$ cat protein.txt   # compact mmCIF, C-alpha atoms
# COMPACT_ATOMS: atom_id res chain seq x y z
CA MET A 1 -195.47 -112.20 141.50
CA LYS A 2 -199.23 -111.86 141.77
CA LEU A 3 -199.02 -108.31 140.49
CA ASN A 4 -197.12 -109.38 137.41
CA MET A 5 -199.65 -112.11 136.68
CA ALA A 6 -202.49 -109.63 137.07
CA GLU A 7 -200.84 -107.27 134.65
CA GLU A 8 -200.47 -110.00 132.03
CA GLU A 9 -203.48 -110.49 129.79
CA ASP A 10 -205.33 -113.73 129.72
CA TYR A 11 -205.24 -115.25 126.21
CA MET A 12 -208.52 -117.02 126.92
CA SER A 13 -210.31 -113.80 127.86
CA ASP A 14 -213.00 -112.06 125.77
CA SER A 15 -210.49 -109.48 124.52
CA PHE A 16 -208.84 -112.20 122.41
CA ILE A 17 -211.72 -114.57 121.69
CA ASN A 18 -214.25 -111.94 120.53
CA VAL A 19 -211.92 -110.17 118.08
CA GLN A 20 -213.76 -109.92 114.75
CA GLU A 21 -211.72 -110.75 111.68
CA ASP A 22 -211.78 -108.55 108.58
CA ILE A 23 -213.77 -110.66 106.12
CA ARG A 24 -214.33 -108.09 103.36
CA PRO A 25 -214.82 -109.76 99.92
CA GLY A 26 -211.61 -110.16 97.89
CA LEU A 27 -209.30 -108.92 100.65
CA PRO A 28 -207.47 -112.26 101.23
CA MET A 29 -206.88 -112.59 97.47
CA LEU A 30 -205.37 -109.10 97.25
CA ARG A 31 -203.03 -109.87 100.10
CA GLN A 32 -201.89 -113.07 98.40
CA ILE A 33 -201.23 -111.23 95.13
CA ARG A 34 -199.18 -108.51 96.85
CA GLU A 35 -197.19 -111.11 98.72
CA ALA A 36 -196.49 -113.06 95.52
CA ARG A 37 -195.32 -109.91 93.74
CA ARG A 38 -192.96 -109.02 96.58
CA LYS A 39 -191.46 -112.49 96.50
CA GLU A 40 -191.05 -112.33 92.72
CA GLU A 41 -189.29 -108.93 92.90
CA LYS A 42 -186.93 -110.17 95.60
CA GLN A 43 -186.14 -113.23 93.52
CA GLN A 44 -185.38 -111.11 90.46
CA GLU A 45 -183.07 -108.85 92.47
CA ALA A 46 -181.25 -111.89 93.84
CA ASN A 47 -180.88 -113.35 90.34
CA LEU A 48 -179.40 -110.09 89.02
CA LYS A 49 -176.87 -110.00 91.84
CA ASN A 50 -175.88 -113.63 91.48
CA ARG A 51 -175.93 -113.80 87.67
CA GLN A 52 -172.54 -114.22 86.10
CA LYS A 53 -171.79 -112.10 83.08
CA SER A 54 -171.20 -113.89 79.81
CA LEU A 55 -167.86 -113.77 78.02
CA LYS A 56 -169.32 -111.53 75.32
CA GLU A 57 -170.64 -109.05 77.89
CA GLU A 58 -167.30 -108.93 79.67
CA GLU A 59 -165.50 -108.29 76.36
CA GLN A 60 -167.96 -105.52 75.52
CA GLU A 61 -167.44 -103.85 78.91
CA ARG A 62 -163.65 -104.02 78.62
CA ARG A 63 -163.81 -102.68 75.07
CA ASP A 64 -166.03 -99.76 76.06
CA ILE A 65 -163.73 -98.87 78.96
CA GLY A 66 -160.68 -99.02 76.70
CA LEU A 67 -162.26 -96.84 74.00
CA LYS A 68 -163.41 -94.25 76.52
CA ASN A 69 -159.93 -93.79 77.99
CA ALA A 70 -157.41 -91.71 76.03
CA LEU A 71 -153.99 -93.11 75.20
CA GLY A 72 -151.36 -92.47 77.85
CA CYS A 73 -147.57 -92.33 77.95
CA GLU A 74 -147.44 -96.08 78.51
CA ASN A 75 -148.57 -96.55 74.91
CA LYS A 76 -145.48 -96.86 72.68
CA GLY A 77 -147.09 -95.20 69.68
CA PHE A 78 -148.28 -92.25 71.73
CA ALA A 79 -144.83 -91.95 73.34
CA LEU A 80 -143.19 -91.78 69.89
CA LEU A 81 -145.63 -89.05 68.83
CA GLN A 82 -144.77 -87.04 71.93
CA LYS A 83 -141.07 -87.30 71.15
CA MET A 84 -141.83 -85.80 67.72
CA GLY A 85 -143.57 -82.83 69.32
CA TYR A 86 -147.16 -84.07 69.37
CA LYS A 87 -149.42 -82.86 72.18
CA SER A 88 -152.66 -84.39 73.33
CA GLY A 89 -155.65 -82.86 71.51
CA GLN A 90 -153.53 -81.60 68.63
CA ALA A 91 -154.39 -82.44 65.01
CA LEU A 92 -152.07 -84.75 63.10
CA GLY A 93 -149.84 -83.62 60.26
CA LYS A 94 -147.02 -81.21 59.79
CA SER A 95 -149.37 -78.28 59.30
CA GLY A 96 -151.95 -79.51 61.83
CA GLY A 97 -154.60 -80.22 59.21
CA GLY A 98 -155.11 -83.87 60.03
CA ILE A 99 -157.65 -85.61 62.21
CA VAL A 100 -157.93 -84.90 65.92
CA GLU A 101 -159.91 -87.94 67.04
CA PRO A 102 -158.87 -91.50 66.17
CA ILE A 103 -160.68 -93.34 63.41
CA PRO A 104 -163.72 -95.00 65.01
CA LEU A 105 -163.89 -98.77 65.20
CA ASN A 106 -166.68 -100.67 63.49
CA ILE A 107 -166.61 -103.88 65.46
CA LYS A 108 -168.31 -106.85 63.84
CA THR A 109 -169.87 -109.11 66.43
CA GLY A 110 -172.09 -111.28 64.23
CA LYS A 111 -171.24 -114.61 62.61
CA SER A 112 -172.00 -113.54 59.03
CA GLY A 113 -169.17 -113.32 56.52
CA ILE A 114 -167.51 -110.22 55.14
CA GLY A 115 -169.79 -108.44 52.66
CA HIS A 116 -172.96 -110.00 54.04
CA GLU A 117 -174.30 -106.66 55.30
CA ALA A 118 -173.57 -105.02 51.94
CA SER A 119 -175.42 -107.87 50.23
CA LEU A 120 -178.42 -107.37 52.52
CA LYS A 121 -178.35 -103.65 51.83
CA ARG A 122 -178.20 -104.25 48.07
CA LYS A 123 -181.11 -106.69 48.23
CA ALA A 124 -183.14 -104.21 50.26
CA GLU A 125 -182.44 -101.48 47.70
CA GLU A 126 -183.40 -103.81 44.84
CA LYS A 127 -186.61 -104.73 46.64
CA LEU A 128 -187.39 -101.04 47.20
CA GLU A 129 -186.67 -100.24 43.55
CA SER A 130 -188.91 -103.11 42.42
CA TYR A 131 -191.68 -101.81 44.68
CA ARG A 132 -191.28 -98.30 43.25
CA LYS A 133 -191.48 -99.69 39.69
CA ARG A 134 -194.68 -101.59 40.52
CA ILE A 135 -196.21 -98.45 42.02
CA HIS A 136 -195.13 -96.43 38.97
CA MET A 137 -196.61 -98.99 36.57
CA LYS A 138 -199.81 -99.09 38.61
CA ASN A 139 -200.08 -95.29 38.53
CA GLN A 140 -199.44 -95.29 34.78
CA ALA A 141 -202.15 -97.92 34.25
CA GLU A 142 -204.61 -95.89 36.34
CA GLU A 143 -203.75 -92.70 34.43
CA LYS A 144 -204.16 -94.53 31.12
CA ALA A 145 -207.52 -95.95 32.18
CA ALA A 146 -208.66 -92.49 33.30
CA GLU A 147 -207.52 -90.98 29.99
CA GLN A 148 -209.36 -93.68 28.04
CA PHE A 149 -212.48 -93.02 30.09
CA ARG A 150 -212.23 -89.28 29.37
CA MET A 151 -211.76 -90.00 25.67
CA ARG A 152 -214.79 -92.32 25.62
CA LEU A 153 -216.83 -89.70 27.43
CA LYS A 154 -215.67 -86.98 25.04
CA ASN A 155 -216.43 -89.18 22.03
CA LYS A 156 -219.86 -89.91 23.45
CA GLN A 157 -220.53 -86.22 23.98
CA ASP A 158 -219.27 -85.40 20.49
CA GLU A 159 -221.47 -88.14 19.04
CA MET A 160 -224.52 -86.83 20.89
CA LYS A 161 -223.75 -83.31 19.64
CA LEU A 162 -223.47 -84.56 16.04
CA GLU A 163 -226.77 -86.41 16.36
CA GLY A 164 -228.42 -83.26 17.72
CA ASP A 165 -227.04 -81.18 14.83
CA LEU A 166 -228.27 -83.80 12.35
CA ARG A 167 -231.79 -83.73 13.80
CA ARG A 168 -231.81 -79.92 13.63
CA SER A 169 -230.67 -80.08 10.01
CA GLN A 170 -233.35 -82.67 9.15
CA ARG A 171 -236.05 -80.54 10.81
CA ALA A 172 -234.88 -77.40 9.00
CA CYS A 173 -234.64 -79.29 5.69
CA GLN A 174 -238.17 -80.60 6.07
CA GLN A 175 -239.56 -77.12 6.81
CA LEU A 176 -237.65 -75.40 4.02
CA ASP A 177 -238.57 -78.10 1.50
CA ALA A 178 -242.21 -77.73 2.53
CA GLN A 179 -242.00 -73.98 1.88
CA LYS A 180 -240.87 -74.77 -1.68
CA ASN A 181 -243.64 -77.38 -2.05
CA ILE A 182 -241.14 -80.24 -2.20
CA GLN A 183 -243.21 -83.30 -1.31
CA VAL A 184 -240.47 -85.96 -1.31
CA PRO A 185 -236.99 -85.47 0.19
CA ARG A 186 -233.98 -85.94 -2.02
CA GLU A 187 -232.86 -88.73 0.31
CA ALA A 188 -235.08 -90.55 2.80
CA TRP A 189 -232.92 -89.50 5.76
CA TYR A 190 -233.00 -85.78 4.78
CA TRP A 191 -236.21 -85.43 6.80
CA LEU A 192 -237.10 -86.51 10.30
CA ARG A 193 -239.11 -89.71 10.33
CA LEU A 194 -242.59 -89.52 11.86
CA GLU A 195 -242.78 -91.34 15.19
CA GLU A 196 -246.46 -92.24 14.72
CA GLU A 197 -247.58 -93.85 11.50
CA THR A 198 -250.86 -95.43 10.48
CA GLU A 199 -251.34 -99.09 9.70
CA GLU A 200 -251.67 -98.20 6.02
CA ASP A 201 -248.12 -96.95 6.01
CA GLU A 202 -246.75 -100.08 7.71
CA GLU A 203 -245.40 -101.56 4.49
CA GLU A 204 -243.82 -98.26 3.55
CA LYS A 205 -242.27 -98.10 6.99
CA GLU A 206 -240.65 -101.48 6.52
CA GLN A 207 -239.26 -100.38 3.17
CA ASP A 208 -237.89 -97.22 4.78
CA GLU A 209 -236.27 -99.29 7.52
CA ASP A 210 -234.59 -101.41 4.89
CA GLU A 211 -233.35 -98.25 3.21
CA TYR A 212 -232.08 -96.91 6.54
CA LYS A 213 -230.35 -100.17 7.32
CA SER A 214 -228.68 -100.20 3.95
CA GLU A 215 -227.17 -96.78 4.59
CA ASP A 216 -223.42 -96.97 5.22
CA LEU A 217 -223.01 -93.28 5.98
CA SER A 218 -221.95 -92.18 9.46
CA VAL A 219 -223.68 -89.41 11.39
CA LEU A 220 -220.86 -86.98 10.54
CA GLU A 221 -221.06 -87.79 6.83
CA LYS A 222 -224.83 -87.34 6.82
CA LEU A 223 -224.47 -84.03 8.62
CA GLN A 224 -221.91 -82.77 6.11
CA ILE A 225 -224.07 -83.80 3.15
CA LEU A 226 -227.26 -82.33 4.59
CA THR A 227 -225.71 -79.00 5.63
CA SER A 228 -224.21 -78.67 2.14
CA TYR A 229 -227.66 -79.29 0.66
CA LEU A 230 -229.20 -76.65 2.94
CA ARG A 231 -226.54 -74.08 1.99
CA GLU A 232 -226.79 -74.74 -1.75
CA GLU A 233 -230.54 -75.28 -2.07
CA HIS A 234 -231.94 -72.97 0.61
CA LEU A 235 -228.98 -70.68 1.48
CA TYR A 236 -229.47 -71.73 5.10
CA CYS A 237 -226.91 -72.35 7.85
CA ILE A 238 -228.10 -74.33 10.86
CA TRP A 239 -225.39 -72.91 13.14
CA CYS A 240 -226.19 -69.33 12.20
CA GLY A 241 -229.90 -70.14 12.21
CA THR A 242 -230.33 -67.77 9.26
CA ALA A 243 -231.54 -68.07 5.67
CA TYR A 244 -229.45 -65.68 3.57
CA GLU A 245 -230.63 -63.72 0.54
CA ASP A 246 -228.05 -64.99 -1.95
CA LYS A 247 -224.80 -66.89 -2.17
CA GLU A 248 -222.73 -63.73 -1.84
CA ASP A 249 -224.55 -62.85 1.39
CA LEU A 250 -223.99 -66.39 2.67
CA SER A 251 -220.28 -66.47 1.88
CA SER A 252 -219.62 -63.02 3.35
CA ASN A 253 -221.67 -63.26 6.55
CA CYS A 254 -221.49 -66.97 7.48
CA PRO A 255 -218.21 -68.02 9.18
CA GLY A 256 -218.11 -71.40 7.46
CA PRO A 257 -219.85 -74.67 6.68
CA THR A 258 -218.89 -76.52 9.91
CA SER A 259 -219.63 -76.21 13.61
CA ALA A 260 -215.97 -75.50 14.40
CA ASP A 261 -216.10 -72.40 12.20
CA HIS A 262 -218.82 -70.98 14.45
CA ASP A 263 -217.01 -71.53 17.78

$ encode --input "protein.txt" --output "structure tokens"
Amino acid sequence: MKLNMAEEEDYMSDSFINVQEDIRPGLPMLRQIREARRKEEKQQEANLKNRQKSLKEEEQERRDIGLKNALGCENKGFALLQKMGYKSGQALGKSGGGIVEPIPLNIKTGKSGIGHEASLKRKAEEKLESYRKRIHMKNQAEEKAAEQFRMRLKNKQDEMKLEGDLRRSQRACQQLDAQKNIQVPREAWYWLRLEEETEEDEEEKEQDEDEYKSEDLSVLEKLQILTSYLREEHLYCIWCGTAYEDKEDLSSNCPGPTSADHD
């Protein structure tokens, strides 16, 4: 008896009292989280075991089992086919060109009426078609805007080219007229206007501006008139950059009276 008591440990001894607890930061919280997760998993497992299947789920299971199993001799229709010589896996028809597998079932489980799915499909197609039309119209509008921008840019470039040709013609006309001692141009716009004028010519400048403002000719019309004057009066072509000897030389060696003829 004394030996057994000596072998037993004293719960009030230092071996039990001086045990140091693990007090690392966050450790008790981790233990609580793990324990809560284990309890939640056990509860979910118990709920799955005890949960009763709904009527719809039971019908679905029975239907799937029935569709997976092939018809047997207990089926009256299959028994009649066997009496007429039909064998399992054989195609239907006298010549064996019919179907082998039964027609699949499209079971409708929703509460919507007959034709509702077709209506939804038609509406979706109409919506898609409307979206495609909007995209097509948007693309057409963008293409039209881009084409208009290119046309405006081309017109601007053509206008700048015409203005440059007109200035060249005015400069050439002024020089050629000066060589013939012509002091006054036939028309005021035949020559380039001086950018710097004295105060004495201020009144004349205003009169010239009035004359310029009263002009209704476009740049193209002025260019055509001036180039014709240069060809007739001076036998000169601004695009060839050459003064010809006579009219025969001009007509035979110059491609034509326009810029397009020289392209």

$ atom_distance --input "protein.txt" --atom1 "atom CA of Glu232 of chain A" --atom2 "atom CA of Trp191 of chain A"
16.6 Å

$ closest_atom_pairs --input "protein.txt" --of "segment 115-199 of chain A" --to "segment 241-262 of chain A" --cutoff "10 Å" --atoms "only C-alpha atoms" --output "tab-separated table"
residue	atom	partner	partner_atom	distance
A:Leu162	CA	A:Ser259	CA	9.5
A:Asp165	CA	A:Ser259	CA	9.0
A:Ala172	CA	A:Gly241	CA	9.4
A:Leu176	CA	A:Ala243	CA	9.7

$ axis_aligned_box --input "protein.txt" --around "segment 82-98 of chain A" --padding-each-side "3 Å" --output "lines of an AutoDock Vina configuration file"
center_x = -148.4
center_y = -82.8
center_z = 66.3
size_x = 20.6
size_y = 15.0
size_z = 20.1

$ closest_residue --input "protein.txt" --among "A:His136, A:Lys154, A:Lys42, A:His234" --to "Ala178 of chain A" --atoms "only C-alpha atoms"
A:His234

$ residues_around --input "protein.txt" --residues "Ser228 of chain A" --least-positions-apart "4" --cutoff "12 Å" --atoms "all atoms listed in the file" --output "PDB file with C-alpha atoms, keeping the file's coordinate frame"
ATOM      1  CA  SER A 169    -230.670 -80.080  10.010  1.00  0.00           C
ATOM      2  CA  CYS A 173    -234.640 -79.290   5.690  1.00  0.00           C
ATOM      3  CA  TYR A 190    -233.000 -85.780   4.780  1.00  0.00           C
ATOM      4  CA  GLU A 221    -221.060 -87.790   6.830  1.00  0.00           C
ATOM      5  CA  LYS A 222    -224.830 -87.340   6.820  1.00  0.00           C
ATOM      6  CA  LEU A 223    -224.470 -84.030   8.620  1.00  0.00           C
ATOM      7  CA  GLN A 224    -221.910 -82.770   6.110  1.00  0.00           C
ATOM      8  CA  GLU A 232    -226.790 -74.740  -1.750  1.00  0.00           C
ATOM      9  CA  GLU A 233    -230.540 -75.280  -2.070  1.00  0.00           C
ATOM     10  CA  HIS A 234    -231.940 -72.970   0.610  1.00  0.00           C
ATOM     11  CA  LEU A 235    -228.980 -70.680   1.480  1.00  0.00           C
ATOM     12  CA  TYR A 236    -229.470 -71.730   5.100  1.00  0.00           C
ATOM     13  CA  CYS A 237    -226.910 -72.350   7.850  1.00  0.00           C
ATOM     14  CA  ILE A 238    -228.100 -74.330  10.860  1.00  0.00           C
ATOM     15  CA  GLY A 256    -218.110 -71.400   7.460  1.00  0.00           C
ATOM     16  CA  PRO A 257    -219.850 -74.670   6.680  1.00  0.00           C
ATOM     17  CA  THR A 258    -218.890 -76.520   9.910  1.00  0.00           C
TER      18      THR A 258
END

$ closest_residue --input "protein.txt" --among "A:Leu166, A:Leu80, A:Val184, A:Leu128" --to "Leu226 of chain A" --atoms "all atoms listed in the file"
A:Leu166

$ atom_distance --input "protein.txt" --atom1 "atom CA of Ser88 of chain A" --atom2 "atom CA of Gln60 of chain A"
26.2 Å

$ atom_distance --input "protein.txt" --atom1 "atom CA of Ala124 of chain A" --atom2 "atom CA of Asn106 of chain A"
21.4 Å

$ residues_around --input "protein.txt" --residues "segment 90-104 of chain A" --least-positions-apart "3" --cutoff "10 Å" --atoms "all atoms listed in the file" --output "list in words"
Leu67, Ala70, Leu81, Tyr86, Lys87 and Ile107 of chain A
